[in-house]
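One file, model.txt, carrying compact mmCIF, C-alpha atoms and all ligand atoms:
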```
# COMPACT_ATOMS: atom_id res chain seq x y z
CA MET A 1 90.69 112.00 89.23
CA LYS A 2 89.61 109.10 91.35
CA ARG A 3 91.95 107.09 93.58
CA VAL A 4 91.97 103.35 92.91
CA PHE A 5 93.41 100.78 95.33
CA SER A 6 93.70 97.01 95.18
CA GLY A 7 95.88 94.16 96.37
CA VAL A 8 96.86 90.58 95.60
CA GLN A 9 98.30 88.08 98.08
CA PRO A 10 101.76 86.71 97.29
CA THR A 11 100.73 83.09 97.75
CA GLY A 12 101.91 81.62 94.42
CA ASN A 13 100.04 80.19 91.42
CA ILE A 14 98.48 83.47 90.22
CA HIS A 15 95.84 82.17 87.83
CA ILE A 16 93.55 83.38 85.07
CA GLY A 17 90.80 83.98 87.68
CA ASN A 18 93.06 86.52 89.41
CA TYR A 19 93.83 88.03 86.02
CA LEU A 20 90.28 88.19 84.62
CA GLY A 21 88.66 89.16 87.94
CA ALA A 22 91.21 91.66 89.18
CA LEU A 23 94.48 92.36 87.32
CA LYS A 24 92.80 93.12 83.99
CA GLN A 25 90.73 95.82 85.71
CA PHE A 26 93.87 97.22 87.40
CA VAL A 27 95.38 97.84 83.96
CA GLU A 28 92.24 99.42 82.47
CA LEU A 29 91.82 101.74 85.44
CA GLN A 30 95.31 103.22 85.19
CA GLU A 31 94.27 105.17 82.09
CA GLU A 32 92.11 107.69 83.92
CA ASN A 33 92.78 107.33 87.63
CA GLU A 34 95.47 107.60 90.26
CA CYS A 35 96.19 103.97 91.09
CA VAL A 36 97.85 102.32 94.06
CA TYR A 37 98.48 98.57 93.72
CA CYS A 38 99.75 96.54 96.61
CA ILE A 39 101.24 93.10 97.18
CA VAL A 40 99.58 92.21 100.47
CA ASP A 41 102.24 90.14 102.21
CA LEU A 42 100.85 90.82 105.71
CA HIS A 43 97.60 89.17 104.63
CA SER A 44 99.42 86.09 103.41
CA ILE A 45 100.93 85.35 106.84
CA THR A 46 97.45 84.81 108.30
CA LEU A 47 98.25 81.22 107.29
CA PRO A 48 101.73 79.67 107.76
CA GLN A 49 104.30 80.61 105.07
CA ASP A 50 107.84 79.48 104.39
CA PRO A 51 109.86 82.75 104.59
CA LYS A 52 112.04 81.93 101.57
CA ILE A 53 109.06 81.03 99.41
CA LEU A 54 107.15 84.11 100.59
CA LYS A 55 110.01 86.38 99.50
CA LYS A 56 110.10 84.70 96.09
CA ASN A 57 106.31 84.93 95.74
CA ILE A 58 106.36 88.68 96.52
CA LEU A 59 108.76 89.32 93.64
CA ASP A 60 106.77 86.98 91.38
CA VAL A 61 103.58 88.99 91.91
CA ALA A 62 105.48 92.27 91.47
CA ALA A 63 106.88 91.02 88.14
CA LEU A 64 103.43 89.82 87.08
CA TYR A 65 101.94 93.22 87.91
CA ILE A 66 104.37 94.78 85.43
CA ALA A 67 103.98 91.94 82.92
CA VAL A 68 100.18 92.30 82.69
CA GLY A 69 100.64 95.97 81.87
CA LEU A 70 100.83 98.01 85.08
CA ASP A 71 103.03 101.01 84.45
CA PRO A 72 105.14 101.98 87.50
CA LYS A 73 105.35 105.56 86.21
CA ARG A 74 101.57 105.89 86.42
CA SER A 75 100.70 103.52 89.28
CA ALA A 76 102.36 103.13 92.67
CA ILE A 77 103.33 99.44 92.98
CA PHE A 78 104.54 98.37 96.41
CA VAL A 79 104.67 95.74 99.16
CA GLN A 80 102.24 96.21 102.08
CA SER A 81 104.73 95.46 104.90
CA MET A 82 107.05 98.22 103.61
CA VAL A 83 104.49 100.89 104.59
CA SER A 84 103.84 100.91 108.35
CA GLY A 85 100.45 102.65 108.18
CA HIS A 86 98.61 99.44 107.16
CA ALA A 87 99.22 97.61 110.44
CA GLU A 88 98.81 100.81 112.46
CA LEU A 89 95.45 101.74 111.00
CA ALA A 90 94.29 98.12 111.26
CA TRP A 91 94.70 98.32 115.04
CA ILE A 92 92.65 101.50 115.28
CA LEU A 93 89.91 99.97 113.11
CA MET A 94 89.96 96.76 115.16
CA CYS A 95 89.02 98.83 118.18
CA ASN A 96 85.95 99.96 116.21
CA SER A 97 84.81 96.61 114.87
CA TYR A 98 82.93 93.77 116.52
CA THR A 99 83.57 90.06 116.87
CA GLY A 100 80.00 89.43 115.72
CA GLU A 101 80.47 91.02 112.30
CA LEU A 102 83.84 89.31 111.78
CA SER A 103 82.36 85.91 112.69
CA ARG A 104 79.95 86.26 109.79
CA MET A 105 82.69 86.54 107.12
CA THR A 106 82.42 83.53 104.81
CA GLN A 107 86.16 83.50 104.02
CA PHE A 108 86.97 83.18 107.73
CA LYS A 109 84.41 80.40 108.12
CA GLN A 110 85.88 78.51 105.14
CA LYS A 111 89.52 78.95 106.08
CA SER A 112 89.08 78.11 109.76
CA ARG A 113 86.65 75.24 109.17
CA ASP A 114 89.06 72.39 109.82
CA ASN A 115 90.80 73.94 112.84
CA GLU A 116 89.56 73.97 116.38
CA SER A 117 91.41 77.21 117.02
CA ALA A 118 92.23 79.64 114.18
CA PRO A 119 94.97 82.32 114.18
CA THR A 120 93.64 85.70 115.39
CA GLY A 121 95.04 87.27 112.20
CA LEU A 122 92.77 85.09 110.09
CA PHE A 123 89.82 86.44 112.07
CA THR A 124 90.86 90.09 111.75
CA TYR A 125 91.96 89.73 108.10
CA PRO A 126 89.05 91.88 106.79
CA ILE A 127 90.07 94.73 109.12
CA LEU A 128 93.58 94.79 107.67
CA MET A 129 91.99 94.86 104.22
CA ALA A 130 89.77 97.77 105.30
CA ALA A 131 92.89 99.56 106.58
CA ASP A 132 94.62 99.03 103.20
CA ILE A 133 91.73 100.67 101.40
CA LEU A 134 90.93 103.51 103.82
CA LEU A 135 94.59 104.47 104.27
CA TYR A 136 94.68 105.80 100.70
CA ASP A 137 91.29 107.59 100.68
CA SER A 138 90.40 105.13 97.92
CA ASP A 139 87.29 105.77 95.84
CA VAL A 140 87.30 102.55 93.81
CA VAL A 141 88.45 99.00 94.64
CA PRO A 142 88.62 96.58 91.68
CA VAL A 143 88.32 92.97 92.91
CA GLY A 144 86.72 89.64 92.06
CA SER A 145 83.22 89.05 93.43
CA ASP A 146 84.56 86.79 96.23
CA GLN A 147 85.65 90.03 97.96
CA LYS A 148 82.16 91.62 98.08
CA GLN A 149 81.69 90.92 101.78
CA HIS A 150 85.08 92.43 102.63
CA ILE A 151 84.27 95.60 100.68
CA GLU A 152 80.95 95.83 102.54
CA ILE A 153 82.61 95.66 105.97
CA THR A 154 85.16 98.29 104.84
CA ARG A 155 82.30 100.61 103.92
CA ASP A 156 80.52 99.90 107.21
CA LEU A 157 83.67 100.72 109.18
CA ALA A 158 84.30 103.95 107.26
CA ILE A 159 80.71 105.10 107.84
CA ARG A 160 80.83 104.07 111.50
CA VAL A 161 84.03 106.04 112.18
CA ASN A 162 82.77 109.05 110.20
CA ASN A 163 79.58 109.10 112.26
CA LYS A 164 81.44 108.83 115.55
CA TYR A 165 84.49 111.05 114.96
CA GLY A 166 83.40 113.33 112.10
CA LYS A 167 84.40 112.87 108.45
CA THR A 168 87.61 110.85 108.57
CA PHE A 169 87.45 108.35 105.71
CA VAL A 170 86.34 108.24 102.08
CA VAL A 171 83.65 105.55 101.72
CA PRO A 172 84.91 103.33 98.86
CA GLU A 173 83.02 101.44 96.14
CA GLY A 174 83.86 97.93 94.96
CA ARG A 175 84.25 97.40 91.20
CA PHE A 176 83.36 93.98 89.83
CA LEU A 177 83.48 92.92 86.20
CA LYS A 178 80.53 91.20 84.55
CA GLU A 179 82.40 88.33 82.90
CA GLY A 180 85.61 87.71 84.87
CA ALA A 181 84.23 88.39 88.34
CA ARG A 182 84.15 84.73 89.30
CA ILE A 183 86.13 82.19 87.30
CA MET A 184 85.34 78.70 88.46
CA SER A 185 87.57 75.69 88.93
CA LEU A 186 88.05 73.60 85.75
CA ASP A 187 87.54 70.27 87.51
CA ASP A 188 84.70 71.37 89.77
CA PRO A 189 82.79 74.31 88.27
CA THR A 190 80.76 74.77 91.45
CA SER A 191 83.78 76.12 93.37
CA LYS A 192 85.95 79.10 92.43
CA MET A 193 89.32 78.68 90.74
CA SER A 194 91.86 78.84 93.54
CA LYS A 195 95.61 79.17 94.01
CA SER A 196 95.71 76.46 96.63
CA ALA A 197 93.58 73.61 95.16
CA GLU A 198 95.57 70.39 95.05
CA ASN A 199 94.72 69.46 91.44
CA ILE A 200 96.89 71.65 89.17
CA HIS A 201 94.41 71.04 86.33
CA SER A 202 91.71 72.84 88.31
CA ARG A 203 93.37 76.13 87.36
CA ILE A 204 95.39 77.77 84.61
CA SER A 205 98.27 79.69 86.12
CA LEU A 206 99.43 82.78 84.24
CA LEU A 207 102.84 81.13 83.92
CA ASP A 208 101.63 77.72 82.63
CA ASN A 209 103.11 76.62 79.30
CA ALA A 210 100.97 75.83 76.24
CA SER A 211 100.92 72.07 76.76
CA LYS A 212 99.78 72.38 80.39
CA ILE A 213 97.07 74.84 79.34
CA LYS A 214 95.91 72.44 76.63
CA LYS A 215 95.80 69.51 79.03
CA SER A 216 93.85 71.44 81.69
CA ILE A 217 91.25 72.77 79.25
CA MET A 218 90.79 69.50 77.35
CA LYS A 219 90.29 67.63 80.67
CA SER A 220 87.89 70.23 82.10
CA THR A 221 84.51 69.08 83.40
CA THR A 222 81.50 69.76 81.14
CA ASP A 223 78.19 67.90 80.73
CA SER A 224 76.65 65.29 78.47
CA GLU A 225 74.39 67.60 76.46
CA GLY A 226 77.14 68.53 74.00
CA SER A 227 75.91 71.99 72.97
CA VAL A 228 77.92 75.17 73.60
CA ARG A 229 75.27 77.11 75.50
CA PHE A 230 75.55 79.43 78.51
CA ASP A 231 73.50 78.27 81.51
CA MET A 232 75.29 78.70 84.83
CA ASP A 233 72.77 76.60 86.79
CA GLU A 234 72.32 73.64 84.47
CA LYS A 235 75.66 73.72 82.64
CA PRO A 236 78.21 75.32 85.01
CA GLY A 237 81.27 73.72 83.36
CA ILE A 238 80.71 74.87 79.79
CA SER A 239 79.35 78.22 81.03
CA ASN A 240 82.61 78.82 82.90
CA LEU A 241 84.59 78.01 79.73
CA ILE A 242 82.38 80.38 77.69
CA ASN A 243 83.00 83.04 80.34
CA ILE A 244 86.79 82.57 80.06
CA TYR A 245 86.57 82.64 76.25
CA SER A 246 84.49 85.82 76.39
CA SER A 247 86.82 87.57 78.86
CA PHE A 248 89.94 86.83 76.81
CA SER A 249 88.50 87.44 73.34
CA GLY A 250 86.09 90.29 74.07
CA LEU A 251 83.33 88.38 72.22
CA GLU A 252 79.86 88.46 73.81
CA THR A 253 78.41 85.21 75.17
CA ALA A 254 75.67 85.22 72.51
CA ASP A 255 78.24 85.56 69.71
CA ILE A 256 80.23 82.63 71.09
CA GLU A 257 77.08 80.48 71.29
CA LYS A 258 76.29 81.39 67.69
CA LYS A 259 79.83 80.70 66.47
CA TYR A 260 79.79 77.20 67.97
CA THR A 261 76.21 76.15 67.12
CA GLY A 262 76.32 72.51 66.06
CA CYS A 263 79.96 72.08 67.18
CA GLY A 264 81.01 69.59 69.82
CA TYR A 265 82.83 70.54 73.03
CA GLY A 266 86.12 69.23 71.59
CA GLU A 267 86.27 71.86 68.88
CA PHE A 268 85.23 74.66 71.25
CA LYS A 269 87.82 73.60 73.81
CA LYS A 270 90.57 73.50 71.17
CA ASP A 271 89.77 77.09 70.19
CA LEU A 272 89.68 78.11 73.85
CA VAL A 273 93.20 76.70 74.23
CA ASP A 274 94.35 78.97 71.37
CA VAL A 275 92.57 82.04 72.77
CA THR A 276 94.07 81.45 76.22
CA VAL A 277 97.62 80.74 75.03
CA GLU A 278 97.51 83.83 72.83
CA ALA A 279 96.49 85.95 75.84
CA VAL A 280 99.04 84.64 78.35
CA LEU A 281 102.08 84.27 76.06
CA PRO A 282 102.94 88.00 75.83
CA ILE A 283 102.48 88.28 79.61
CA GLN A 284 104.97 85.43 80.11
CA GLN A 285 107.51 87.05 77.79
CA ARG A 286 107.40 90.36 79.65
CA TYR A 287 107.48 88.50 82.97
CA SER A 288 110.76 86.75 82.24
CA ASP A 289 112.33 90.05 81.15
CA ILE A 290 111.45 91.88 84.37
CA ARG A 291 111.58 89.12 87.02
CA GLU A 292 115.38 88.93 87.36
CA SER A 293 116.11 92.60 86.71
CA GLU A 294 117.42 95.06 89.30
CA GLU A 295 114.70 97.42 88.15
CA LEU A 296 112.02 95.41 89.95
CA ILE A 297 113.41 96.22 93.42
CA ARG A 298 113.82 99.87 92.44
CA ILE A 299 110.17 100.02 91.32
CA LEU A 300 108.99 98.53 94.63
CA LYS A 301 111.10 100.93 96.73
CA GLU A 302 109.88 103.92 94.77
CA GLY A 303 106.28 102.65 94.99
CA ALA A 304 106.59 102.29 98.77
CA GLU A 305 107.83 105.88 99.06
CA ARG A 306 104.87 107.19 97.07
CA ALA A 307 102.43 105.07 99.08
CA ALA A 308 103.99 106.13 102.40
CA ALA A 309 103.62 109.82 101.51
CA ILE A 310 99.87 109.39 100.96
CA SER A 311 99.35 107.13 103.97
CA GLU A 312 101.20 109.40 106.41
CA LYS A 313 98.75 112.20 105.67
CA THR A 314 95.83 109.89 106.42
CA MET A 315 97.42 108.63 109.64
CA ASP A 316 97.99 112.22 110.86
CA ARG A 317 94.33 112.99 110.21
CA VAL A 318 93.11 109.78 111.89
CA LYS A 319 95.28 110.28 114.97
CA LYS A 320 94.04 113.83 115.34
CA LYS A 321 90.40 112.71 115.10
CA PHE A 322 90.93 109.97 117.70
CA GLY A 323 92.98 112.16 120.06
CA LEU A 324 96.06 109.93 119.80
CA GLY A 325 99.58 111.29 120.48
CA VAL A 326 100.40 114.84 121.49
P1 LIG B 401 93.89 86.62 96.06
O1 LIG B 401 94.62 85.63 95.28
O2 LIG B 401 92.92 86.01 96.99
O3 LIG B 401 94.77 87.66 96.68
O4 LIG B 401 93.00 87.40 95.00
C1 LIG B 401 93.48 88.46 94.20
C2 LIG B 401 92.34 89.02 93.38
O5 LIG B 401 91.85 88.04 92.46
C3 LIG B 401 91.12 89.43 94.21
O6 LIG B 401 90.58 90.63 93.67
C4 LIG B 401 90.15 88.30 94.02
O7 LIG B 401 88.81 88.72 94.14
C5 LIG B 401 90.44 87.87 92.60
N1 LIG B 401 90.12 86.45 92.39
C6 LIG B 401 90.62 85.39 93.07
N2 LIG B 401 90.11 84.24 92.62
C7 LIG B 401 89.25 84.57 91.60
C8 LIG B 401 88.40 83.82 90.72
N3 LIG B 401 88.35 82.50 90.77
N4 LIG B 401 87.67 84.51 89.80
C9 LIG B 401 87.72 85.86 89.73
N5 LIG B 401 88.51 86.62 90.54
C10 LIG B 401 89.25 86.00 91.46
N1 LIG B 402 91.59 90.03 100.41
C1 LIG B 402 92.01 90.19 99.06
C2 LIG B 402 92.02 88.81 98.38
O1 LIG B 402 92.22 87.81 98.99
C3 LIG B 402 93.38 90.80 98.95
C4 LIG B 402 93.40 92.18 99.50
C5 LIG B 402 93.98 92.60 100.66
C6 LIG B 402 92.79 93.34 98.93
N2 LIG B 402 93.82 93.92 100.84
C7 LIG B 402 93.09 94.42 99.81
C8 LIG B 402 92.05 93.56 97.78
C9 LIG B 402 92.64 95.71 99.57
C10 LIG B 402 91.59 94.87 97.54
C11 LIG B 402 91.88 95.93 98.41
O2 LIG B 402 91.86 88.75 97.20
```

Same coordinates, now as structure tokens:
Amino acid sequence: MKRVFSGVQPTGNIHIGNYLGALKQFVELQEENECVYCIVDLHSITLPQDPKILKKNILDVAALYIAVGLDPKRSAIFVQSMVSGHAELAWILMCNSYTGELSRMTQFKQKSRDNESAPTGLFTYPILMAADILLYDSDVVPVGSDQKQHIEITRDLAIRVNNKYGKTFVVPEGRFLKEGARIMSLDDPTSKMSKSAENIHSRISLLDNASKIKKSIMKSTTDSEGSVRFDMDEKPGISNLINIYSSFSGLETADIEKKYTGCGYGEFKKDLVDVTVEAVLPIQQRYSDIRESEELIRILKEGAERAAAISEKTMDRVKKKFGLGV
């Protein structure tokens, strides 16, 4: 059995990009693997957070994890800051990483662009992510394609430490889906759908109601050609919508193109609204059942205990290899 690890930041507005790129894979992978799924609250404080909202967002993501189909009996579901090994291993890895390689991370460049001086945590963010993954001897890491660079640096670090100290870490593989790997923004299909974009119609949140979903899809940017055809370069808007349709329905791109030959964008968009609402509605029903229940906290405490048991073994091994402690 392989070990799978992934994480989502509790920063609100979990959207269909997070679902189709990451969460959907989390659910599929639980069938045949040992899975560890984390809510990465330490990552979210790399940018300022309101403590009350952060606490609420942590529970929201936990409830969404369960609502999309993660089974706490099969998968360990927990909050990163409740297992001390993440921050501890991050420090050790930081001492084996270089400012040059971290300066090249595109996420850091984007997020620090407007500030003269960025928080150190934003700079070392990929090292904490590497620690998350390596702490659990993870074989597979399901993520959206925006995380490719972070997976690469994790692999580099694991190989570097293994070469220097002898076999210490499992070298993990990223897992990216073909269709959902990069869902683009509905108002600007050249940038990825994001939790933090100002325009709420740029994204569909998993908790949006049917009328909001309809409005966002009907308003979405397309082109003037008017034919439902996949071409990411020339027709990024409609291609993104086809991609969403395909991910939710399971239909291949070619079948969707065939189905809508001769149809206008209006008709296609109306059907996409139905496909999307049908997919998110059951998630929303399960979400409201679990979100306010006592069970949620119990699941997170139990998940943290399971995660801690695995991580403590890794930390013992790492400390021994590095000559730390007595
Ligand atoms: P984050 O919200 O940044 O914590 O992302 C959680 C997961 O969702 C990560 O695996 C991301 O790669 C994935 N993700 C975020 N945005 C998108 C997107 N627009 N399309 C596909 N996957 C995404
Ligand atoms: N950086 C990831 C994101 O923004 C979240 C994350 C943190 C993660 N630690 C991880 C994803 C470990 C996979 C594995 O989406």

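With only C-alpha atoms as the atoms that count, the minimum distance from Gly17 of chain A to the choices A:Gln147, A:Asn96, A:Ser205, A:Thr168 is reached by A:Ser205.
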
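With distances taken over all atoms listed in the file, A:Leu29 is the one residue among A:Leu281, A:Met232, A:Leu54, A:Leu29 lying closest to Arg175 of chain A.
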
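With distances restricted to all atoms listed in the file, A:Asp137 is the closest residue to ligand LIG 402 (chain B) from A:Glu32, A:Asp60, A:Glu101, A:Asp137.
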
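Coordinates place atom CA of Ile159 of chain A at a distance of 10.1 Å from atom CA of Pro172 of chain A.
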
What are the centre and edge lengths in Å, to one decimal, of the axis-aligned box around all listed atoms of ligand LIG 402 (chain B) with 6 Å added on each side, as lines of an AutoDock Vina configuration file?
```
center_x = 92.8
center_y = 91.9
center_z = 99.0
size_x = 14.4
size_y = 20.1
size_z = 15.6
```

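Atom pair atom C9 of ligand LIG 402 (chain B) / atom CA of Asp316 of chain A has a distance of 20.7 Å (rounded to one decimal).
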
Can you put N, CA and C atoms back into segment 36-71 of chain A and show it as a PDB file, in the coordinates of the input?
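New file rebuild.pdb:
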```
ATOM      1  N   VAL A  36      96.912 102.832  93.074  1.00  0.00           N
ATOM      2  CA  VAL A  36      97.850 102.320  94.060  1.00  0.00           C
ATOM      3  C   VAL A  36      97.635 100.809  94.139  1.00  0.00           C
ATOM      4  N   TYR A  37      98.633 100.026  93.739  1.00  0.00           N
ATOM      5  CA  TYR A  37      98.480  98.570  93.720  1.00  0.00           C
ATOM      6  C   TYR A  37      99.499  97.911  94.646  1.00  0.00           C
ATOM      7  N   CYS A  38      98.970  97.058  95.504  1.00  0.00           N
ATOM      8  CA  CYS A  38      99.750  96.540  96.610  1.00  0.00           C
ATOM      9  C   CYS A  38      99.932  95.015  96.516  1.00  0.00           C
ATOM     10  N   ILE A  39     101.043  94.548  97.029  1.00  0.00           N
ATOM     11  CA  ILE A  39     101.240  93.100  97.180  1.00  0.00           C
ATOM     12  C   ILE A  39     101.073  92.861  98.675  1.00  0.00           C
ATOM     13  N   VAL A  40      99.982  92.214  99.058  1.00  0.00           N
ATOM     14  CA  VAL A  40      99.580  92.210 100.470  1.00  0.00           C
ATOM     15  C   VAL A  40     100.222  91.039 101.225  1.00  0.00           C
ATOM     16  N   ASP A  41     101.511  91.222 101.535  1.00  0.00           N
ATOM     17  CA  ASP A  41     102.240  90.140 102.210  1.00  0.00           C
ATOM     18  C   ASP A  41     101.789  89.922 103.652  1.00  0.00           C
ATOM     19  N   LEU A  42     101.322  91.005 104.330  1.00  0.00           N
ATOM     20  CA  LEU A  42     100.850  90.820 105.710  1.00  0.00           C
ATOM     21  C   LEU A  42      99.594  89.944 105.736  1.00  0.00           C
ATOM     22  N   HIS A  43      98.772  90.042 104.694  1.00  0.00           N
ATOM     23  CA  HIS A  43      97.600  89.170 104.630  1.00  0.00           C
ATOM     24  C   HIS A  43      98.002  87.712 104.450  1.00  0.00           C
ATOM     25  N   SER A  44      99.079  87.487 103.703  1.00  0.00           N
ATOM     26  CA  SER A  44      99.420  86.090 103.410  1.00  0.00           C
ATOM     27  C   SER A  44      99.921  85.348 104.648  1.00  0.00           C
ATOM     28  N   ILE A  45     100.462  86.079 105.653  1.00  0.00           N
ATOM     29  CA  ILE A  45     100.930  85.350 106.840  1.00  0.00           C
ATOM     30  C   ILE A  45      99.816  85.024 107.839  1.00  0.00           C
ATOM     31  N   THR A  46      98.565  85.276 107.447  1.00  0.00           N
ATOM     32  CA  THR A  46      97.450  84.810 108.300  1.00  0.00           C
ATOM     33  C   THR A  46      97.427  83.277 108.314  1.00  0.00           C
ATOM     34  N   LEU A  47      98.046  82.674 107.287  1.00  0.00           N
ATOM     35  CA  LEU A  47      98.250  81.220 107.290  1.00  0.00           C
ATOM     36  C   LEU A  47      99.766  80.990 107.187  1.00  0.00           C
ATOM     37  N   PRO A  48     100.279  79.856 107.711  1.00  0.00           N
ATOM     38  CA  PRO A  48     101.730  79.670 107.760  1.00  0.00           C
ATOM     39  C   PRO A  48     102.395  79.773 106.387  1.00  0.00           C
ATOM     40  N   GLN A  49     103.547  80.464 106.319  1.00  0.00           N
ATOM     41  CA  GLN A  49     104.300  80.610 105.070  1.00  0.00           C
ATOM     42  C   GLN A  49     105.758  80.258 105.329  1.00  0.00           C
ATOM     43  N   ASP A  50     106.400  79.674 104.344  1.00  0.00           N
ATOM     44  CA  ASP A  50     107.840  79.480 104.390  1.00  0.00           C
ATOM     45  C   ASP A  50     108.488  80.808 103.980  1.00  0.00           C
ATOM     46  N   PRO A  51     109.317  81.410 104.869  1.00  0.00           N
ATOM     47  CA  PRO A  51     109.860  82.750 104.590  1.00  0.00           C
ATOM     48  C   PRO A  51     110.551  82.874 103.232  1.00  0.00           C
ATOM     49  N   LYS A  52     111.315  81.850 102.856  1.00  0.00           N
ATOM     50  CA  LYS A  52     112.040  81.930 101.570  1.00  0.00           C
ATOM     51  C   LYS A  52     111.057  81.936 100.396  1.00  0.00           C
ATOM     52  N   ILE A  53     110.042  81.093 100.500  1.00  0.00           N
ATOM     53  CA  ILE A  53     109.060  81.030  99.410  1.00  0.00           C
ATOM     54  C   ILE A  53     108.232  82.311  99.374  1.00  0.00           C
ATOM     55  N   LEU A  54     107.924  82.856 100.551  1.00  0.00           N
ATOM     56  CA  LEU A  54     107.150  84.110 100.590  1.00  0.00           C
ATOM     57  C   LEU A  54     107.906  85.213  99.857  1.00  0.00           C
ATOM     58  N   LYS A  55     109.194  85.336 100.154  1.00  0.00           N
ATOM     59  CA  LYS A  55     110.010  86.380  99.500  1.00  0.00           C
ATOM     60  C   LYS A  55     109.985  86.212  97.976  1.00  0.00           C
ATOM     61  N   LYS A  56     110.116  84.976  97.541  1.00  0.00           N
ATOM     62  CA  LYS A  56     110.100  84.700  96.090  1.00  0.00           C
ATOM     63  C   LYS A  56     108.726  85.067  95.510  1.00  0.00           C
ATOM     64  N   ASN A  57     107.664  84.672  96.237  1.00  0.00           N
ATOM     65  CA  ASN A  57     106.310  84.930  95.740  1.00  0.00           C
ATOM     66  C   ASN A  57     106.004  86.433  95.631  1.00  0.00           C
ATOM     67  N   ILE A  58     106.579  87.221  96.561  1.00  0.00           N
ATOM     68  CA  ILE A  58     106.360  88.680  96.520  1.00  0.00           C
ATOM     69  C   ILE A  58     106.914  89.233  95.208  1.00  0.00           C
ATOM     70  N   LEU A  59     108.135  88.812  94.878  1.00  0.00           N
ATOM     71  CA  LEU A  59     108.760  89.320  93.640  1.00  0.00           C
ATOM     72  C   LEU A  59     108.045  88.774  92.411  1.00  0.00           C
ATOM     73  N   ASP A  60     107.537  87.538  92.510  1.00  0.00           N
ATOM     74  CA  ASP A  60     106.770  86.980  91.380  1.00  0.00           C
ATOM     75  C   ASP A  60     105.537  87.827  91.083  1.00  0.00           C
ATOM     76  N   VAL A  61     104.789  88.190  92.140  1.00  0.00           N
ATOM     77  CA  VAL A  61     103.580  88.990  91.910  1.00  0.00           C
ATOM     78  C   VAL A  61     103.959  90.372  91.382  1.00  0.00           C
ATOM     79  N   ALA A  62     105.040  90.948  91.939  1.00  0.00           N
ATOM     80  CA  ALA A  62     105.480  92.270  91.470  1.00  0.00           C
ATOM     81  C   ALA A  62     105.792  92.203  89.968  1.00  0.00           C
ATOM     82  N   ALA A  63     106.514  91.162  89.555  1.00  0.00           N
ATOM     83  CA  ALA A  63     106.880  91.020  88.140  1.00  0.00           C
ATOM     84  C   ALA A  63     105.628  90.792  87.286  1.00  0.00           C
ATOM     85  N   LEU A  64     104.673  90.041  87.838  1.00  0.00           N
ATOM     86  CA  LEU A  64     103.430  89.820  87.080  1.00  0.00           C
ATOM     87  C   LEU A  64     102.616  91.107  86.931  1.00  0.00           C
ATOM     88  N   TYR A  65     102.617  91.926  87.983  1.00  0.00           N
ATOM     89  CA  TYR A  65     101.940  93.220  87.910  1.00  0.00           C
ATOM     90  C   TYR A  65     102.446  93.993  86.678  1.00  0.00           C
ATOM     91  N   ILE A  66     103.776  94.037  86.552  1.00  0.00           N
ATOM     92  CA  ILE A  66     104.370  94.780  85.430  1.00  0.00           C
ATOM     93  C   ILE A  66     104.058  94.063  84.115  1.00  0.00           C
ATOM     94  N   ALA A  67     104.148  92.715  84.148  1.00  0.00           N
ATOM     95  CA  ALA A  67     103.980  91.940  82.920  1.00  0.00           C
ATOM     96  C   ALA A  67     102.558  92.055  82.348  1.00  0.00           C
ATOM     97  N   VAL A  68     101.549  92.171  83.217  1.00  0.00           N
ATOM     98  CA  VAL A  68     100.180  92.300  82.690  1.00  0.00           C
ATOM     99  C   VAL A  68      99.908  93.701  82.160  1.00  0.00           C
ATOM    100  N   GLY A  69     100.800  94.649  82.470  1.00  0.00           N
ATOM    101  CA  GLY A  69     100.640  95.970  81.870  1.00  0.00           C
ATOM    102  C   GLY A  69     100.555  97.125  82.861  1.00  0.00           C
ATOM    103  N   LEU A  70     100.809  96.869  84.156  1.00  0.00           N
ATOM    104  CA  LEU A  70     100.830  98.010  85.080  1.00  0.00           C
ATOM    105  C   LEU A  70     102.101  98.814  84.808  1.00  0.00           C
ATOM    106  N   ASP A  71     101.917 100.132  84.787  1.00  0.00           N
ATOM    107  CA  ASP A  71     103.030 101.010  84.450  1.00  0.00           C
ATOM    108  C   ASP A  71     103.480 101.726  85.733  1.00  0.00           C
TER     109      ASP A  71
END
```
